[in-house]
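Next comes run-v6.tsv, with TSV, C-alpha atoms.
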```tsv
chain	number	residue	atom	x	y	z
A	233	MET	CA	55.22	103.76	65.58
A	234	THR	CA	54.04	104.13	69.18
A	235	GLU	CA	54.25	107.92	69.46
A	236	LYS	CA	51.45	110.02	68.11
A	237	ALA	CA	52.68	112.65	65.70
A	238	THR	CA	51.34	116.07	66.64
A	239	PRO	CA	51.59	118.76	63.97
A	240	SER	CA	53.17	122.03	64.91
A	241	PRO	CA	51.04	125.20	64.82
A	242	GLU	CA	53.07	126.26	61.77
A	243	ALA	CA	52.28	122.98	59.99
A	244	ILE	CA	48.57	123.36	60.76
A	245	LYS	CA	48.55	126.96	59.49
A	246	ALA	CA	50.46	126.01	56.31
A	247	TRP	CA	48.10	123.07	55.68
A	248	ALA	CA	44.98	125.19	56.14
A	249	ARG	CA	46.29	127.90	53.81
A	250	LEU	CA	47.36	125.36	51.20
A	251	MET	CA	43.91	123.75	51.20
A	252	ARG	CA	42.03	127.07	51.08
A	253	VAL	CA	44.22	128.61	48.39
A	254	SER	CA	44.11	125.44	46.30
A	255	ARG	CA	40.32	125.34	46.44
A	256	GLN	CA	40.07	129.08	45.71
A	257	LEU	CA	42.37	128.87	42.69
A	258	VAL	CA	40.57	125.85	41.21
A	259	GLU	CA	37.19	127.54	41.73
A	260	SER	CA	38.46	130.67	39.98
A	261	VAL	CA	39.66	128.64	36.99
A	262	GLU	CA	36.38	126.70	36.90
A	263	ASP	CA	34.45	130.00	36.91
A	264	ALA	CA	36.58	131.38	34.07
A	265	LEU	CA	36.06	128.22	32.00
A	266	LYS	CA	32.32	128.33	32.63
A	267	GLU	CA	32.15	132.01	31.65
A	268	GLY	CA	33.92	131.08	28.41
A	269	GLY	CA	31.32	128.40	27.70
A	270	LEU	CA	33.94	125.69	28.15
A	271	PRO	CA	33.87	122.32	29.94
A	272	PRO	CA	35.14	121.80	33.50
A	273	LEU	CA	38.82	121.62	34.41
A	274	ALA	CA	38.74	117.81	34.80
A	275	TRP	CA	38.10	117.57	31.06
A	276	TYR	CA	41.26	119.56	30.38
A	277	ASP	CA	43.35	117.23	32.54
A	278	VAL	CA	42.21	114.14	30.60
A	279	LEU	CA	42.50	115.83	27.19
A	280	HIS	CA	45.98	117.07	28.11
A	281	GLU	CA	47.22	113.62	29.11
A	282	LEU	CA	45.77	112.08	25.95
A	283	ALA	CA	47.32	114.77	23.75
A	284	GLU	CA	50.70	114.23	25.43
A	285	ALA	CA	50.40	110.47	24.83
A	286	GLY	CA	50.19	111.00	21.06
A	287	GLU	CA	48.50	108.78	18.51
A	288	GLY	CA	48.98	105.67	20.61
A	289	GLY	CA	46.61	107.01	23.25
A	290	LEU	CA	46.37	105.60	26.76
A	291	ARG	CA	44.64	102.73	28.47
A	292	PRO	CA	42.10	103.80	31.12
A	293	PHE	CA	44.33	102.58	33.97
A	294	GLN	CA	47.12	104.81	32.65
A	295	LEU	CA	44.78	107.81	32.71
A	296	ILE	CA	43.85	106.97	36.30
A	297	GLU	CA	47.55	106.90	37.26
A	298	ARG	CA	48.32	110.17	35.47
A	299	THR	CA	45.29	112.14	36.61
A	300	LEU	CA	44.64	110.56	40.02
A	301	PHE	CA	40.92	110.24	39.30
A	302	ALA	CA	39.07	107.30	40.83
A	303	GLN	CA	38.21	104.52	38.36
A	304	TYR	CA	34.46	105.17	38.48
A	305	ASN	CA	35.04	108.91	37.89
A	306	ILE	CA	37.28	108.33	34.88
A	307	SER	CA	34.80	105.87	33.37
A	308	ARG	CA	31.97	108.40	33.55
A	309	LEU	CA	34.18	111.22	32.33
A	310	LEU	CA	35.43	109.18	29.37
A	311	ALA	CA	31.86	108.26	28.44
A	312	ARG	CA	30.95	111.96	28.42
A	313	LEU	CA	34.05	112.94	26.43
A	314	GLU	CA	33.31	110.20	23.90
A	315	ALA	CA	29.66	111.27	23.60
A	316	ASP	CA	30.86	114.81	22.83
A	317	GLY	CA	33.30	113.51	20.20
A	318	LEU	CA	36.43	114.59	22.10
A	319	VAL	CA	37.92	111.12	22.53
A	320	GLU	CA	37.58	107.78	20.83
A	321	LYS	CA	37.86	104.29	22.28
A	322	LEU	CA	39.83	101.78	20.27
A	323	PRO	CA	40.04	98.03	20.90
A	324	VAL	CA	43.34	96.58	22.07
A	325	THR	CA	44.30	93.78	19.70
A	326	ASP	CA	45.86	91.47	22.29
A	327	ASP	CA	43.22	92.12	24.98
A	328	GLY	CA	39.66	91.38	23.90
A	329	ARG	CA	38.11	93.54	26.64
A	330	GLY	CA	40.78	96.24	26.72
A	331	GLN	CA	40.49	99.68	25.20
A	332	THR	CA	42.84	102.47	24.30
A	333	ILE	CA	41.55	106.02	24.57
A	334	ARG	CA	42.74	108.56	22.02
A	335	ILE	CA	42.02	112.27	21.69
A	336	THR	CA	40.21	113.36	18.52
A	337	ALA	CA	40.76	116.50	16.43
A	338	LYS	CA	37.72	118.02	18.14
A	339	GLY	CA	39.27	117.10	21.50
A	340	ARG	CA	42.53	118.83	20.53
A	341	GLU	CA	40.62	121.96	19.54
A	342	THR	CA	38.62	121.94	22.79
A	343	ARG	CA	41.83	121.51	24.76
A	344	ARG	CA	43.40	124.45	22.90
A	345	ARG	CA	40.39	126.68	23.62
A	346	MET	CA	40.39	125.62	27.26
A	347	TRP	CA	44.12	126.34	27.59
A	348	THR	CA	43.58	129.91	26.40
A	349	VAL	CA	41.37	130.51	29.46
A	350	TYR	CA	43.26	128.21	31.83
A	351	GLY	CA	46.67	129.66	30.94
A	352	ARG	CA	45.39	133.22	31.32
A	353	SER	CA	43.99	132.27	34.74
A	354	ILE	CA	47.34	130.85	35.85
A	355	ALA	CA	49.09	134.00	34.68
A	356	GLU	CA	46.67	136.25	36.56
A	357	LEU	CA	46.09	134.20	39.71
A	358	VAL	CA	49.65	133.04	40.34
A	359	GLY	CA	52.13	134.64	37.94
A	360	GLY	CA	50.71	138.12	38.45
A	361	LYS	CA	51.00	137.95	42.23
A	362	LEU	CA	54.43	136.43	42.80
A	363	SER	CA	57.89	137.27	41.50
A	364	ALA	CA	59.88	134.79	39.42
A	365	ASP	CA	62.01	133.96	42.48
A	366	GLU	CA	58.91	133.44	44.66
A	367	LEU	CA	57.37	131.18	42.02
A	368	LYS	CA	60.55	129.11	41.86
A	369	MET	CA	60.65	128.85	45.65
A	370	MET	CA	57.00	127.85	45.86
A	371	SER	CA	57.47	125.22	43.16
A	372	THR	CA	60.48	123.80	44.99
A	373	LEU	CA	58.67	123.69	48.34
A	374	LEU	CA	55.54	122.08	46.89
A	375	GLY	CA	57.72	119.58	45.05
A	376	ARG	CA	59.18	118.51	48.38
A	377	LEU	CA	55.68	117.71	49.67
A	378	ARG	CA	54.99	115.25	46.86
A	379	ASP	CA	55.47	111.55	47.33
A	380	PRO	CA	57.99	110.85	45.93
A	381	PRO	CA	59.50	114.34	46.07
A	382	VAL	CA	59.94	116.15	42.77
A	383	LEU	CA	63.41	117.49	42.16
A	384	ASP	CA	63.52	120.03	39.37
```

Structure rendered as structure tokens:
Amino acid sequence: MTEKATPSPEAIKAWARLMRVSRQLVESVEDALKEGGLPPLAWYDVLHELAEAGEGGLRPFQLIERTLFAQYNISRLLARLEADGLVEKLPVTDDGRGQTIRITAKGRETRRRMWTVYGRSIAELVGGKLSADELKMMSTLLGRLRDPPVLD
């Protein structure tokens, strides 16, 4: 491509608002979790993916794909979750160095407690400010920005 793509003023404004609002919403959820004496939001993401995976758990590379954390971040986070008894590492029988990560009962309980605060935050910060039609429109528009686009 020889031409330089120049964003329109509308694209720049939309980008800036998306970044600011995203950061503001995440910070609000993080504050609510902290006030509730709960772990950070990143813990919820990992616990959620492991709970969804069921008893078979996930390999670390699968968690990286599903959460979009960098490998070094997921390794440290998993070590912390394991130390707190929220996940367990199991050997993979056909891969001597491989591990499967599985959520524990304590991890499921922590995830449930976190969701109480997280879900309430979503309801207040997003659901309480937009109509059902606006939420559907926003979801559709954001889905179109994903790579590949999400069609739902």

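Using all atoms listed in the file, the smallest distance between any of A:Val278, A:Val319, A:Ile335, A:Leu367 and A:Ile354 comes from A:Leu367.
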
*Restricting the calculation to all atoms listed in the file, which member of A:Ala302, A:Ala283, A:Met370, A:Val253 is positioned closest to A:Gly339?*
A:Ala283

*Find the spatial neighbours of A:Gly288, counting only C-alpha atoms, within a cut-off of 9 Å - ignore same-chain residues fewer than 4 positions away - and output them as an NGL selection string.*
:A and (282 or 332-334)

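The space between atom CA of A:Trp347 and atom CA of A:Ser260 spans 14.3 Å.
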
*Using atom CA of A:Met346 and atom CA of A:Tyr276 as the two end points, give the distance in Å to one decimal.*
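Computing it gives 6.9 Å between the two atoms.
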
*Have a look at A:Val324, A:Ser363, A:Gln331, A:Ala355 and name the one nearest to A:Leu295; count all atoms listed in the file.*
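Checking each candidate against A:Leu295, we get A:Gln331 as the closest.
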
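The list of residues with at least one atom within 8 Å of A:Trp275, based on all atoms listed in the file and without residues fewer than 3 positions apart in the same chain, reads A:Pro271, A:Pro272, A:Val278, A:Leu279, A:Leu309, A:Leu313.
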
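When all atoms listed in the file are used to measure the gap to A:Glu267, the shortest distance among A:Ala364, A:Val349, A:Gly375, A:Asp327 belongs to A:Val349.
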
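With all atoms listed in the file as the atoms that count, the minimum distance from A:His280 to the choices A:Ala246, A:Val258, A:Leu318, A:Leu374 is reached by A:Leu318.
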
*In Å, rounded to a single decimal, give me how far atom CA of A:Asp277 is from atom CA of A:Arg343.*
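Separation between atom CA of A:Arg343 and atom CA of A:Asp277: 9.0 Å.
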